[in-house]
Amino acid sequence: MSGHNKWSSIKHKKGIADAKRGAAFTKIIREITISARSGGDPDSNARLRTAILKAKAVNMPKDNVEKAIKKGTGELEGVNYEEINYEGYGPAGVAVYIEALTDNKNRTSADVRSLLSKHGGNLGASGCVAWMFEKKGLIIVDGKSAAEDTLMEIVLNAGADDMENNGEEFEITTPPEAYLAVIDALAKAKIPTTYSQVTMIPKNTIKLDEKKAESVEKLVDALDESDDIQNVYVNYEKA
């Protein structure tokens with residue numbers, strides 16, 4: 001199974017960096033809260049379960065998780081967050097797709113517009129770049145954690161649609177609806193994951209030289225600094 005682009009590795013490394021920042025807790029708490037609106041039981045709420053897995057990955061205290069769930073279900077008073085997506089372009093014409101959870105849409109919209117402009121990009125109309133991305137489950141397994149043939153059999157049987165061995169790690173992609181089934185199958189086989197998330201993967205990528213890639217990364221880092229912004233997706237790779 002092959003053909004997967006380099007973006008997943010970029011996102012993986014970026015995810016690890018994000019987890020080291022205190023802002024990661026704020027973002028995950030917001031995600032848990034809004035996910036729990038559809039029900040506080042992670043066994044029947046796939047989005048909530050995914051958010052809880054992210055919380056565990058950054059060692060978030062159990063009390064924080066439970067409070068966030070109760071705020072989402074209405075058992076505790078909490079902030080009313082709104083989901084909103086932004087689309088636009090960054091340096092070198094790179095597509096930028098942004099997912100946000102905010103309690104002040106006007107503030108967040110102004111911040112996103114300002115940051116894109118400051119870093120050589122611009123905010124676009126709804127739908128201008130969404131078609132360039134595809135929602136997928138992305139799971140990373142360390143290359144030393146399992147034999148390739150064994151791992152491939154496990155994930156395929158659980159519903160994965162692609163797996164790539166890049167030498168150091170296995171990158172597994174799944175349809176969104178099969179993501180948790182693959183996670184469960186790996187857990188049952190006692191194969192640890194180093195990264196897992198339902199994400200947006202670009203259908204095609206633009207190759208950029210070092211200087212242009214650095215400009216895009218500065219934009220992504222700036223957007224990530226905002227507590228309101230949950231995820232930033234771009235369609236580039238270094239040449």
# chains A, B, ... in the order shown; residues from 1 in each chain; ligands from 1
>>> residues_around(residues="stretch 117-122 of chain A", least_positions_apart="4", cutoff="12 Å", atoms="only C-alpha atoms", output="ChimeraX atom specification")
/A:86-97,110-113,128,212,214-223
>>> residues_around(residues="A:Asn64", least_positions_apart="4", cutoff="10 Å", atoms="only C-alpha atoms", output="PyMOL selection string")
chain A and resi 25+29+32+55+60+68-69
>>> write_last_selection(atoms="N, CA and C atoms", output="short mmCIF file (atom, residue, chain, number, x, y, z; two decimals), in the first residue's frame")
data_model
loop_
_atom_site.label_atom_id
_atom_site.label_comp_id
_atom_site.auth_asym_id
_atom_site.auth_seq_id
_atom_site.Cartn_x
_atom_site.Cartn_y
_atom_site.Cartn_z
N PHE A 25 -3.80 21.94 26.03
CA PHE A 25 -4.86 21.62 26.98
C PHE A 25 -6.13 22.43 26.66
N ILE A 29 -9.65 20.73 25.63
CA ILE A 29 -10.80 20.93 26.50
C ILE A 29 -11.99 21.47 25.70
N ILE A 32 -13.41 18.60 23.64
CA ILE A 32 -14.18 17.67 24.48
C ILE A 32 -15.54 18.27 24.80
N ALA A 55 -6.59 13.82 24.69
CA ALA A 55 -6.30 14.28 26.05
C ALA A 55 -5.33 13.34 26.76
N MET A 60 -3.41 14.76 30.01
CA MET A 60 -4.33 15.67 30.67
C MET A 60 -4.96 14.99 31.88
N ALA A 68 -14.85 18.97 31.48
CA ALA A 68 -15.14 19.41 30.12
C ALA A 68 -16.35 18.68 29.56
N ILE A 69 -16.45 17.38 29.86
CA ILE A 69 -17.61 16.60 29.41
C ILE A 69 -18.89 17.13 30.05
#
>>> select_by_dssp(residues="stretch 133-196 of chain A", states="helix (DSSP H, G or I)", output="number ranges by chain")
A: 148-158, 176-188
>>> write_last_selection(atoms="C-alpha atoms", output="PDB file, in the first residue's frame")
ATOM      1  CA  GLU A 148       4.922  -4.743   8.626  1.00  0.00           C
ATOM      2  CA  ASP A 149       2.959  -7.776   7.398  1.00  0.00           C
ATOM      3  CA  THR A 150       1.341  -8.286  10.802  1.00  0.00           C
ATOM      4  CA  LEU A 151       0.439  -4.631  11.142  1.00  0.00           C
ATOM      5  CA  MET A 152      -0.969  -4.436   7.631  1.00  0.00           C
ATOM      6  CA  GLU A 153      -3.222  -7.435   8.236  1.00  0.00           C
ATOM      7  CA  ILE A 154      -4.530  -5.956  11.489  1.00  0.00           C
ATOM      8  CA  VAL A 155      -5.340  -2.513  10.098  1.00  0.00           C
ATOM      9  CA  LEU A 156      -6.810  -3.763   6.818  1.00  0.00           C
ATOM     10  CA  ASN A 157      -9.113  -6.144   8.617  1.00  0.00           C
ATOM     11  CA  ALA A 158     -10.227  -3.275  10.848  1.00  0.00           C
ATOM     12  CA  PRO A 176     -13.294   8.610   9.278  1.00  0.00           C
ATOM     13  CA  GLU A 177     -15.927   6.019  10.163  1.00  0.00           C
ATOM     14  CA  ALA A 178     -13.286   3.265  10.513  1.00  0.00           C
ATOM     15  CA  TYR A 179     -10.818   5.307  12.573  1.00  0.00           C
ATOM     16  CA  LEU A 180     -11.871   4.082  16.020  1.00  0.00           C
ATOM     17  CA  ALA A 181     -12.158   0.478  14.847  1.00  0.00           C
ATOM     18  CA  VAL A 182      -8.515   0.588  13.709  1.00  0.00           C
ATOM     19  CA  ILE A 183      -7.464   2.249  16.992  1.00  0.00           C
ATOM     20  CA  ASP A 184      -9.269  -0.502  18.921  1.00  0.00           C
ATOM     21  CA  ALA A 185      -7.680  -3.247  16.806  1.00  0.00           C
ATOM     22  CA  LEU A 186      -4.196  -1.852  17.471  1.00  0.00           C
ATOM     23  CA  ALA A 187      -4.908  -1.578  21.193  1.00  0.00           C
ATOM     24  CA  LYS A 188      -6.168  -5.158  21.269  1.00  0.00           C
TER      25      LYS A 188
END
>>> closest_residue(among="A:Gln197, A:Gly72, A:Ala160, A:Glu169", to="A:Leu138", atoms="only C-alpha atoms")
A:Gln197
>>> atom_distance(atom1="atom CA of A:Asp224", atom2="atom CA of A:Thr26")
11.9 Å
>>> closest_residue(among="A:Ile172, A:Ala147, A:Ile84, A:Ile34", to="A:Gly159", atoms="only C-alpha atoms")
A:Ile172
>>> select_by_dssp(residues="stretch 67-226 of chain A", states="strand (DSSP E)", output="JSON, numbers by chain")
{"A": [82, 83, 84, 85, 86, 87, 88, 89, 95, 96, 97, 98, 99, 100, 101, 102, 122, 123, 133, 134, 135, 136, 137, 138, 139, 140, 141, 142, 162, 163, 164, 165, 169, 170, 171, 172, 173, 174, 195, 196, 197, 198, 199, 200, 201, 202, 206, 207, 208]}
>>> write_last_selection(atoms="C-alpha atoms", output="PDB file, in the first residue's frame")
ATOM      1  CA  GLU A  82     -19.232  27.806  18.091  1.00  0.00           C
ATOM      2  CA  GLU A  83     -17.582  25.737  15.366  1.00  0.00           C
ATOM      3  CA  ILE A  84     -16.398  27.678  12.349  1.00  0.00           C
ATOM      4  CA  ASN A  85     -14.046  26.932   9.450  1.00  0.00           C
ATOM      5  CA  TYR A  86     -11.958  29.413   7.478  1.00  0.00           C
ATOM      6  CA  GLU A  87     -10.413  28.964   4.055  1.00  0.00           C
ATOM      7  CA  GLY A  88      -7.777  30.967   2.284  1.00  0.00           C
ATOM      8  CA  TYR A  89      -4.298  31.068   0.843  1.00  0.00           C
ATOM      9  CA  ALA A  95      -4.136  26.377   0.389  1.00  0.00           C
ATOM     10  CA  VAL A  96      -4.966  26.948   4.069  1.00  0.00           C
ATOM     11  CA  TYR A  97      -7.941  25.283   5.796  1.00  0.00           C
ATOM     12  CA  ILE A  98      -8.590  26.311   9.399  1.00  0.00           C
ATOM     13  CA  GLU A  99     -10.875  24.721  12.006  1.00  0.00           C
ATOM     14  CA  ALA A 100     -11.829  26.893  14.973  1.00  0.00           C
ATOM     15  CA  LEU A 101     -13.902  26.714  18.161  1.00  0.00           C
ATOM     16  CA  THR A 102     -14.729  30.162  19.477  1.00  0.00           C
ATOM     17  CA  ASN A 122      -5.439  36.164   2.352  1.00  0.00           C
ATOM     18  CA  LEU A 123      -8.794  34.945   3.576  1.00  0.00           C
ATOM     19  CA  PHE A 133      -8.545  18.226   1.174  1.00  0.00           C
ATOM     20  CA  GLU A 134     -10.051  14.911   2.219  1.00  0.00           C
ATOM     21  CA  LYS A 135     -11.080  13.940   5.751  1.00  0.00           C
ATOM     22  CA  LYS A 136      -9.191  10.855   6.909  1.00  0.00           C
ATOM     23  CA  GLY A 137      -8.138   9.101  10.075  1.00  0.00           C
ATOM     24  CA  LEU A 138      -4.349   9.282  10.419  1.00  0.00           C
ATOM     25  CA  ILE A 139      -2.507   6.890  12.741  1.00  0.00           C
ATOM     26  CA  ILE A 140       1.258   6.685  13.228  1.00  0.00           C
ATOM     27  CA  VAL A 141       2.966   3.546  14.563  1.00  0.00           C
ATOM     28  CA  ASP A 142       6.678   3.385  15.341  1.00  0.00           C
ATOM     29  CA  ASP A 162      -3.813   2.718   3.238  1.00  0.00           C
ATOM     30  CA  MET A 163      -0.507   2.105   5.042  1.00  0.00           C
ATOM     31  CA  GLU A 164       2.949   3.357   4.179  1.00  0.00           C
ATOM     32  CA  ASN A 165       6.294   2.341   5.634  1.00  0.00           C
ATOM     33  CA  GLU A 169       7.318   4.637  11.146  1.00  0.00           C
ATOM     34  CA  PHE A 170       4.124   3.328   9.601  1.00  0.00           C
ATOM     35  CA  GLU A 171       1.560   5.879   8.443  1.00  0.00           C
ATOM     36  CA  ILE A 172      -1.949   4.424   8.402  1.00  0.00           C
ATOM     37  CA  THR A 173      -4.942   6.191   6.882  1.00  0.00           C
ATOM     38  CA  THR A 174      -8.555   5.214   7.389  1.00  0.00           C
ATOM     39  CA  TYR A 195      -0.025   9.890  16.884  1.00  0.00           C
ATOM     40  CA  SER A 196      -3.680   9.505  15.952  1.00  0.00           C
ATOM     41  CA  GLN A 197      -6.320  11.939  14.761  1.00  0.00           C
ATOM     42  CA  VAL A 198      -9.149  12.396  12.291  1.00  0.00           C
ATOM     43  CA  THR A 199      -7.636  15.047  10.073  1.00  0.00           C
ATOM     44  CA  MET A 200      -7.722  16.718   6.666  1.00  0.00           C
ATOM     45  CA  ILE A 201      -5.184  15.379   4.184  1.00  0.00           C
ATOM     46  CA  PRO A 202      -4.486  17.267   0.944  1.00  0.00           C
ATOM     47  CA  ILE A 206       2.706  21.948  -3.769  1.00  0.00           C
ATOM     48  CA  LYS A 207       6.477  21.526  -3.541  1.00  0.00           C
ATOM     49  CA  LEU A 208       8.224  24.535  -2.055  1.00  0.00           C
TER      50      LEU A 208
END
>>> atom_distance(atom1="atom CA of A:Ser126", atom2="atom CA of A:Ser109")
12.8 Å
>>> closest_residue(among="A:Thr193, A:Ala130, A:Arg37, A:Gly74", to="A:Lys54", atoms="only C-alpha atoms")
A:Thr193
>>> atom_distance(atom1="atom CA of A:Asp209", atom2="atom CA of A:Ala239")
5.4 Å
